[in-house]
$ cat data05.cif   # mmCIF, C-alpha atoms and all ligand atoms
data_data
loop_
_atom_site.label_atom_id
_atom_site.label_comp_id
_atom_site.auth_asym_id
_atom_site.auth_seq_id
_atom_site.Cartn_x
_atom_site.Cartn_y
_atom_site.Cartn_z
CA MET A 359 -107.46 29.45 32.25
CA SER A 360 -108.17 29.09 28.55
CA GLY A 361 -109.66 25.87 27.18
CA PRO A 362 -108.47 23.84 24.17
CA ASP A 363 -108.09 25.78 20.92
CA PRO A 364 -111.40 25.40 19.04
CA VAL A 365 -109.66 25.30 15.63
CA THR A 366 -107.29 22.45 16.46
CA GLY A 367 -110.07 20.75 18.45
CA HIS A 368 -112.12 20.68 15.26
CA TYR A 369 -109.38 18.99 13.20
CA ALA A 370 -107.49 16.82 15.72
CA ARG A 371 -107.78 13.04 15.67
CA GLY A 372 -105.46 10.27 16.74
CA GLY A 373 -103.73 7.73 14.49
CA ILE A 374 -104.27 9.71 11.27
CA ALA A 375 -101.21 8.51 9.35
CA GLN A 376 -101.79 4.85 10.29
CA THR A 377 -105.46 4.98 9.20
CA LEU A 378 -104.66 6.64 5.88
CA LEU A 379 -101.65 4.46 5.10
CA ALA A 380 -103.60 1.27 5.81
CA ALA A 381 -106.42 2.33 3.46
CA VAL A 382 -104.10 3.46 0.68
CA ARG A 383 -101.79 0.42 0.95
CA ALA A 384 -104.83 -1.88 0.73
CA GLU A 385 -105.45 -0.49 -2.78
CA LEU A 386 -101.83 -0.42 -3.92
CA PRO A 387 -101.27 -2.68 -6.93
CA GLU A 388 -99.04 -5.68 -6.21
CA GLY A 389 -95.33 -4.82 -6.41
CA GLU A 390 -95.88 -1.02 -6.52
CA THR A 391 -94.02 1.18 -4.00
CA LEU A 392 -96.02 3.77 -2.08
CA GLY A 393 -95.45 7.23 -3.55
CA VAL A 394 -96.74 10.77 -3.09
CA ALA A 395 -99.40 10.35 -5.80
CA HIS A 396 -100.98 7.36 -4.04
CA LEU A 397 -101.91 9.57 -1.07
CA ALA A 398 -103.66 12.20 -3.20
CA PRO A 399 -107.22 10.97 -2.49
CA VAL A 400 -106.68 11.42 1.27
CA ASP A 401 -104.11 14.19 1.86
CA GLU A 402 -105.31 17.22 -0.15
CA PHE A 403 -107.78 18.81 2.29
CA HIS A 404 -109.35 21.50 0.11
CA ILE A 405 -112.13 21.82 -2.46
CA GLY A 406 -111.14 20.10 -5.69
CA GLY A 407 -108.43 18.05 -3.94
CA ILE A 408 -105.46 17.05 -6.07
CA GLU A 409 -107.04 18.43 -9.27
CA ALA A 410 -107.11 21.91 -7.68
CA THR A 411 -103.49 21.55 -6.53
CA ARG A 412 -102.34 20.31 -9.93
CA ARG A 413 -103.95 23.31 -11.61
CA PHE A 414 -102.76 25.91 -9.09
CA VAL A 415 -99.12 25.03 -8.30
CA PRO A 416 -97.77 25.47 -11.89
CA MET A 417 -99.03 29.10 -11.83
CA LEU A 418 -96.55 29.92 -9.07
CA GLY A 419 -93.24 29.42 -10.91
CA LEU A 420 -91.70 27.46 -8.03
CA GLN A 421 -88.36 25.88 -8.91
CA GLU A 422 -85.71 23.47 -7.74
CA GLY A 423 -83.59 24.88 -4.94
CA MET A 424 -86.26 27.32 -3.73
CA GLN A 425 -87.34 27.43 -0.10
CA VAL A 426 -91.15 27.33 -0.04
CA LEU A 427 -93.47 27.74 2.95
CA ASP A 428 -96.90 26.06 3.13
CA ILE A 429 -98.94 28.02 5.69
CA GLY A 430 -101.52 25.71 7.29
CA SER A 431 -100.10 22.60 5.63
CA GLY A 432 -102.56 20.11 7.15
CA ILE A 433 -101.23 16.57 6.68
CA GLY A 434 -98.79 17.74 4.02
CA GLY A 435 -100.30 16.68 0.69
CA THR A 436 -99.66 19.99 -1.05
CA ALA A 437 -96.15 20.30 0.41
CA ARG A 438 -95.24 16.84 -0.89
CA PHE A 439 -96.78 17.61 -4.29
CA ILE A 440 -94.79 20.86 -4.60
CA SER A 441 -91.51 19.27 -3.60
CA GLN A 442 -92.02 16.35 -5.96
CA GLU A 443 -93.14 18.43 -8.95
CA THR A 444 -90.76 21.39 -8.61
CA GLY A 445 -87.77 20.12 -6.64
CA ALA A 446 -88.27 22.91 -4.07
CA GLN A 447 -87.64 22.34 -0.37
CA VAL A 448 -90.98 22.79 1.39
CA THR A 449 -91.58 23.72 5.02
CA GLY A 450 -95.14 23.25 6.25
CA ILE A 451 -96.47 24.91 9.38
CA ASP A 452 -99.77 24.03 11.01
CA LEU A 453 -101.55 24.74 14.28
CA THR A 454 -102.89 21.19 14.75
CA PRO A 455 -100.19 18.96 16.35
CA GLU A 456 -101.83 15.72 15.16
CA PHE A 457 -101.75 16.99 11.55
CA VAL A 458 -98.08 18.01 11.85
CA ALA A 459 -97.14 14.55 13.16
CA ALA A 460 -99.18 12.83 10.43
CA ALA A 461 -97.58 15.06 7.75
CA ALA A 462 -94.08 13.98 8.86
CA ASP A 463 -95.09 10.29 9.00
CA LEU A 464 -96.67 10.41 5.54
CA SER A 465 -93.60 12.13 4.08
CA ALA A 466 -91.38 9.46 5.62
CA ALA A 467 -93.62 6.69 4.25
CA THR A 468 -93.43 8.12 0.71
CA GLY A 469 -89.71 8.87 0.75
CA SER A 470 -90.30 12.66 0.81
CA GLY A 471 -88.84 13.21 4.28
CA GLY A 472 -85.68 14.88 2.97
CA ARG A 473 -87.53 17.47 0.87
CA THR A 474 -90.36 18.38 3.25
CA ARG A 475 -90.41 19.31 6.93
CA PHE A 476 -93.31 20.17 9.19
CA VAL A 477 -93.40 22.48 12.18
CA CYS A 478 -96.24 23.02 14.65
CA ALA A 479 -96.81 26.78 14.65
CA GLY A 480 -99.46 29.43 14.16
CA ALA A 481 -99.74 31.40 10.94
CA LEU A 482 -99.86 34.69 12.86
CA ASP A 483 -96.53 34.11 14.59
CA LEU A 484 -94.26 32.24 12.17
CA PRO A 485 -91.09 30.89 13.81
CA PHE A 486 -88.86 32.11 10.96
CA GLY A 487 -86.70 35.14 10.28
CA ASP A 488 -87.44 37.87 7.76
CA ALA A 489 -87.24 37.28 3.98
CA GLY A 490 -86.03 33.65 4.23
CA PHE A 491 -88.51 32.09 1.77
CA ASP A 492 -88.64 32.29 -2.04
CA GLY A 493 -92.32 31.39 -2.17
CA ALA A 494 -95.32 30.49 -0.04
CA VAL A 495 -98.71 28.88 -0.45
CA THR A 496 -101.77 28.72 1.74
CA LEU A 497 -104.73 26.54 0.80
CA HIS A 498 -108.03 26.64 2.69
CA VAL A 499 -106.66 28.12 5.91
CA ALA A 500 -107.68 31.81 6.07
CA MET A 501 -111.31 30.87 6.73
CA ASN A 502 -110.17 29.68 10.19
CA ILE A 503 -108.36 32.96 10.90
CA ALA A 504 -110.17 36.11 12.05
CA ASP A 505 -107.16 38.43 11.80
CA LYS A 506 -106.35 38.12 8.10
CA ALA A 507 -104.40 41.40 8.11
CA ALA A 508 -101.93 39.72 10.49
CA LEU A 509 -101.92 36.52 8.39
CA TYR A 510 -100.87 38.34 5.21
CA ARG A 511 -98.45 40.66 7.09
CA GLU A 512 -96.67 37.61 8.55
CA ALA A 513 -96.50 35.94 5.11
CA ALA A 514 -95.00 39.15 3.67
CA ARG A 515 -92.44 39.34 6.48
CA VAL A 516 -90.97 35.86 5.82
CA LEU A 517 -90.92 36.24 2.00
CA ARG A 518 -88.11 37.94 0.12
CA PRO A 519 -89.05 40.82 -2.22
CA GLY A 520 -90.20 39.37 -5.55
CA ALA A 521 -91.32 36.07 -3.96
CA VAL A 522 -94.68 34.58 -4.88
CA LEU A 523 -97.60 33.93 -2.51
CA GLY A 524 -100.25 31.51 -3.80
CA ILE A 525 -103.60 31.60 -2.02
CA TYR A 526 -106.47 29.18 -2.62
CA ASP A 527 -109.06 29.91 0.02
CA VAL A 528 -112.78 29.97 0.64
CA LEU A 529 -114.19 33.51 0.44
CA ALA A 530 -117.61 34.95 1.25
CA GLY A 531 -120.00 34.87 -1.71
CA PRO A 532 -122.92 37.12 -2.63
CA GLY A 533 -125.63 34.54 -1.80
CA ALA A 534 -128.35 35.30 0.73
CA GLY A 535 -129.47 33.26 3.72
CA ALA A 536 -127.87 32.00 6.90
CA PHE A 537 -124.57 30.15 6.49
CA VAL A 538 -125.12 26.43 7.15
CA PHE A 539 -122.90 24.61 9.69
CA PRO A 540 -121.09 22.30 10.02
CA VAL A 541 -118.71 22.68 7.08
CA PRO A 542 -115.38 20.85 6.65
CA TRP A 543 -113.40 23.69 8.33
CA ALA A 544 -115.74 24.56 11.21
CA ALA A 545 -118.55 23.19 13.35
CA SER A 546 -119.97 26.66 13.98
CA ARG A 547 -119.35 30.32 13.27
CA GLU A 548 -117.00 30.38 16.27
CA THR A 549 -114.09 29.32 13.99
CA SER A 550 -115.29 30.44 10.55
CA TRP A 551 -114.45 33.88 9.19
CA LEU A 552 -114.95 34.34 5.47
CA ALA A 553 -113.70 37.56 3.87
CA THR A 554 -115.10 38.97 0.63
CA PRO A 555 -112.86 39.20 -2.46
CA GLU A 556 -112.80 43.02 -2.05
CA THR A 557 -111.59 42.80 1.56
CA THR A 558 -108.99 40.17 0.63
CA ARG A 559 -107.62 42.34 -2.18
CA SER A 560 -107.26 45.33 0.07
CA LEU A 561 -105.65 43.29 2.90
CA LEU A 562 -103.14 41.80 0.46
CA ASP A 563 -102.29 45.23 -0.91
CA ALA A 564 -101.85 46.66 2.60
CA ALA A 565 -99.55 43.75 3.52
CA GLY A 566 -97.26 44.50 0.55
CA PHE A 567 -98.51 42.12 -2.14
CA ALA A 568 -99.33 42.86 -5.78
CA ILE A 569 -102.01 40.53 -7.16
CA VAL A 570 -100.96 39.16 -10.55
CA HIS A 571 -103.77 36.62 -11.03
CA GLU A 572 -107.08 35.89 -9.38
CA GLU A 573 -109.95 33.60 -10.25
CA ASP A 574 -113.33 32.77 -8.77
CA ARG A 575 -113.49 28.96 -8.63
CA HIS A 576 -117.16 28.70 -7.61
CA ALA A 577 -118.40 26.82 -10.70
CA PRO A 578 -115.56 24.23 -10.71
CA ALA A 579 -116.11 23.73 -6.98
CA MET A 580 -119.74 22.77 -7.56
CA ALA A 581 -118.67 20.25 -10.19
CA SER A 582 -115.89 18.82 -8.05
CA LEU A 583 -118.21 18.34 -5.09
CA ALA A 584 -120.58 16.37 -7.30
CA ARG A 585 -117.67 14.21 -8.53
CA MET A 586 -116.48 13.67 -4.94
CA ALA A 587 -119.93 12.51 -3.84
CA ALA A 588 -120.02 9.99 -6.68
CA ARG A 589 -116.49 8.72 -6.04
CA SER A 590 -116.25 8.66 -2.26
CA GLY A 591 -117.61 6.02 0.02
CA PRO A 592 -116.51 3.74 2.78
CA GLN A 593 -115.11 1.33 0.19
CA ARG A 594 -112.54 3.80 -1.30
CA PRO A 595 -109.77 5.91 0.29
CA GLY A 596 -111.05 9.48 0.46
CA LEU A 597 -111.33 12.57 2.65
CA HIS A 598 -113.94 10.81 4.81
CA LEU A 599 -110.98 8.97 6.38
CA LEU A 600 -109.30 12.26 7.32
CA ILE A 601 -112.43 14.10 8.46
CA GLY A 602 -113.91 11.12 10.27
CA GLU A 603 -117.13 11.46 12.23
CA GLY A 604 -119.49 14.06 10.80
CA TYR A 605 -118.04 13.83 7.27
CA ALA A 606 -121.43 13.57 5.53
CA GLU A 607 -122.94 16.52 7.48
CA ARG A 608 -119.89 18.72 6.84
CA ILE A 609 -119.88 18.03 3.10
CA ALA A 610 -123.66 18.58 2.99
CA GLY A 611 -123.18 21.95 4.74
CA LEU A 612 -120.53 22.96 2.21
CA ALA A 613 -122.70 21.83 -0.69
CA ALA A 614 -125.67 23.86 0.61
CA ASN A 615 -123.56 27.01 1.03
CA LEU A 616 -121.93 26.61 -2.39
CA ALA A 617 -125.29 26.00 -4.06
CA ALA A 618 -126.65 29.22 -2.49
CA HIS A 619 -123.35 30.95 -3.45
CA ARG A 620 -122.73 31.98 0.17
CA CYS A 621 -119.07 31.04 -0.34
CA ALA A 622 -116.66 30.43 -3.19
CA PRO A 623 -113.13 29.07 -3.41
CA TRP A 624 -110.85 31.70 -4.92
CA GLU A 625 -107.31 31.70 -6.26
CA PHE A 626 -104.86 34.59 -5.86
CA VAL A 627 -101.30 34.66 -7.12
CA CYS A 628 -99.43 37.56 -5.54
CA VAL A 629 -95.92 38.93 -5.64
CA ARG A 630 -94.21 40.37 -2.57
CA ARG A 631 -93.36 43.97 -3.50
C1 LIG B 701 -108.93 22.61 5.67
S1 LIG B 701 -107.33 22.31 6.31
C2 LIG B 701 -106.29 22.60 4.89
C3 LIG B 701 -104.97 21.91 5.02
C4 LIG B 701 -104.04 22.00 3.81
N1 LIG B 701 -103.71 23.37 3.48
C5 LIG B 701 -104.62 21.31 2.61
O1 LIG B 701 -105.10 22.00 1.71
O2 LIG B 701 -104.62 20.07 2.57
C6 LIG B 701 -107.04 23.79 7.28
C7 LIG B 701 -105.74 23.74 8.06
O3 LIG B 701 -105.44 25.02 8.57
C8 LIG B 701 -104.83 24.86 9.84
N2 LIG B 701 -104.94 26.14 10.55
C9 LIG B 701 -106.07 26.80 10.91
N3 LIG B 701 -105.76 27.94 11.53
C10 LIG B 701 -104.40 28.03 11.56
C11 LIG B 701 -103.48 28.98 12.08
N4 LIG B 701 -103.88 30.09 12.71
N5 LIG B 701 -102.16 28.73 11.92
C12 LIG B 701 -101.73 27.60 11.29
N6 LIG B 701 -102.56 26.67 10.80
C13 LIG B 701 -103.88 26.87 10.93
C14 LIG B 701 -105.60 23.72 10.46
O4 LIG B 701 -104.92 23.14 11.53
C15 LIG B 701 -105.76 22.80 9.27
O5 LIG B 701 -104.69 21.90 9.15
#
$ encode --input "data05.cif" --output "structure tokens" --more "lines below"
Ligand SMILES: C[S@@+](CC[C@H](N)C(=O)[O-])C[C@H]1O[C@@H](n2cnc3c(N)ncnc32)[C@H](O)[C@@H]1O
Amino acid sequence: MSGPDPVTGHYARGGIAQTLLAAVRAELPEGETLGVAHLAPVDEFHIGGIEATRRFVPMLGLQEGMQVLDIGSGIGGTARFISQETGAQVTGIDLTPEFVAAAADLSAATGSGGRTRFVCAGALDLPFGDAGFDGAVTLHVAMNIADKAALYREAARVLRPGAVLGIYDVLAGPGAGAFVFPVPWAASRETSWLATPETTRSLLDAAGFAIVHEEDRHAPAMASLARMAARSGPQRPGLHLLIGEGYAERIAGLAANLAAHRCAPWEFVCVRR
């Protein structure tokens, strides 16, 4: 018999939406209604947070009426941002049931329930037919997935020809030395698989994608981590509320690996051929 999935075991926690909503509502100015933007400090679970999302999403040309898939949507911050900014309908899939439930609750709490939906599913076996999406994004997910050829093949299958795939993921860097654990996405190397930019390019090509933009975001990541350290703390809503126990060690691990350039966040914008 197989044990609990080590990836979802790493992320899962109970009462996520309630914890985050309580913290964010406590800071809400009198008379203001909770909106998508208020959740940004706690629901964008990737390096650079909302600033990275705000920079990346406009590169993708997503528009009102499009069907967009967020692969590994976490608690739904990026999906809500996309639907609010572009008018697209966004479907998020994620392996961690607690994240999927929290994503739906947070969308309902911010009035985004009609434009976003969340399904518990694995990225390697998407529960959708062929060519049904006009665009897809995946932010900080591939590092949890060993079989990236299957990940990109599945993304290509559900996208129509000409559709965009936006990837913002953590790749392997040129730095020497042993990778430090824990990091925000893994407690050990058991669930961490970083591909190099070269490997990623060739996997994307083999899956049927043409890369139209790519950028190494290592330097901005270093700066954003420094800003996060200065801003975050038990007194302010932040990712520490989502990550919970071990937050400081996981961020310290990431900072050490980034400083030694053992990893780097990287953007790719691709078009399904
Ligand atoms: C670091 S979080 C990023 C979440 C979200 N994309 C964001 O940027 O806020 C990584 C997410 O990937 C999900 N994940 C990991 N492996 C997955 C897989 N094989 N299929 C679907 N989701 C997966 C995890 O459950 C987790 O929610």
$ closest_atom_pairs --input "data05.cif" --of "chain A" --to "ligand LIG 701 (chain B)" --cutoff "7 Å" --atoms "all atoms listed in the file" --output "Markdown table"
| residue | atom | partner | partner_atom | distance |
| --- | --- | --- | --- | --- |
| A:Val365 | CA | B:LIG701 | C9 | 6.1 |
| A:Thr366 | CA | B:LIG701 | O4 | 5.5 |
| A:Tyr369 | CA | B:LIG701 | O4 | 6.3 |
| A:Asp401 | CA | B:LIG701 | O2 | 5.9 |
| A:Glu402 | CA | B:LIG701 | O2 | 4.0 |
| A:Phe403 | CA | B:LIG701 | O2 | 3.4 |
| A:His404 | CA | B:LIG701 | O1 | 4.6 |
| A:Ile429 | CA | B:LIG701 | C12 | 6.3 |
| A:Gly430 | CA | B:LIG701 | N6 | 3.8 |
| A:Ser431 | CA | B:LIG701 | N1 | 4.3 |
| A:Gly432 | CA | B:LIG701 | O5 | 3.4 |
| A:Ile433 | CA | B:LIG701 | O2 | 6.4 |
| A:Gly434 | CA | B:LIG701 | O2 | 6.4 |
| A:Gly435 | CA | B:LIG701 | O2 | 5.8 |
| A:Thr436 | CA | B:LIG701 | O2 | 6.1 |
| A:Ile451 | CA | B:LIG701 | C12 | 6.2 |
| A:Asp452 | CA | B:LIG701 | N6 | 3.8 |
| A:Leu453 | CA | B:LIG701 | N6 | 4.1 |
| A:Thr454 | CA | B:LIG701 | O4 | 4.3 |
| A:Phe457 | CA | B:LIG701 | O5 | 6.2 |
| A:Ala479 | CA | B:LIG701 | C12 | 6.0 |
| A:Gly480 | CA | B:LIG701 | N5 | 3.6 |
| A:Ala481 | CA | B:LIG701 | N5 | 3.7 |
| A:Leu482 | CA | B:LIG701 | N4 | 6.1 |
| A:Thr496 | CA | B:LIG701 | N1 | 6.0 |
| A:Leu497 | CA | B:LIG701 | N1 | 4.3 |
| A:His498 | CA | B:LIG701 | C2 | 4.9 |
| A:Val499 | CA | B:LIG701 | O3 | 4.3 |
| A:Ala500 | CA | B:LIG701 | N3 | 7.0 |
| A:Asn502 | CA | B:LIG701 | N3 | 4.9 |
| A:Ile503 | CA | B:LIG701 | N4 | 5.6 |
| A:Pro542 | CA | B:LIG701 | C1 | 6.8 |
| A:Trp543 | CA | B:LIG701 | C1 | 5.3 |
$ closest_residue --input "data05.cif" --among "A:Thr411, A:Gln421, A:Thr468, A:Ser560" --to "A:His396" --atoms "only C-alpha atoms"
A:Thr468
$ atom_distance --input "data05.cif" --atom1 "atom CA of A:Leu378" --atom2 "atom CA of A:Ala461"
11.2 Å
$ closest_residue --input "data05.cif" --among "A:Gly419, A:Gly493, A:Gly372, A:Gly407" --to "A:Ala521" --atoms "all atoms listed in the file"
A:Gly493
$ residues_near_point --input "data05.cif" --point "(-110.5, 33.4, -2.7)" --cutoff "6 Å" --atoms "only C-alpha atoms" --output "PDB file with C-alpha atoms, keeping the file's coordinate frame"
ATOM      1  CA  TYR A 526    -106.470  29.180  -2.620  1.00  0.00           C
ATOM      2  CA  ASP A 527    -109.060  29.910   0.020  1.00  0.00           C
ATOM      3  CA  VAL A 528    -112.780  29.970   0.640  1.00  0.00           C
ATOM      4  CA  LEU A 529    -114.190  33.510   0.440  1.00  0.00           C
ATOM      5  CA  PRO A 623    -113.130  29.070  -3.410  1.00  0.00           C
ATOM      6  CA  TRP A 624    -110.850  31.700  -4.920  1.00  0.00           C
ATOM      7  CA  GLU A 625    -107.310  31.700  -6.260  1.00  0.00           C
TER       8      GLU A 625
END
$ atom_distance --input "data05.cif" --atom1 "atom CA of A:Leu583" --atom2 "atom CA of A:Thr554"
21.6 Å
$ residues_near_point --input "data05.cif" --point "(-96.4, 36.5, 6.4)" --cutoff "9 Å" --atoms "all atoms listed in the file" --output "PyMOL selection string"
chain A and resi 429+481-484+494+508-517+565
$ closest_residue --input "data05.cif" --among "A:Ala467, A:Ala395, A:Ala553, A:Cys478" --to "A:Leu379" --atoms "all atoms listed in the file"
A:Ala467
$ closest_residue --input "data05.cif" --among "A:Leu420, A:Met501, A:Ala610, A:Val570" --to "A:Val541" --atoms "all atoms listed in the file"
A:Ala610
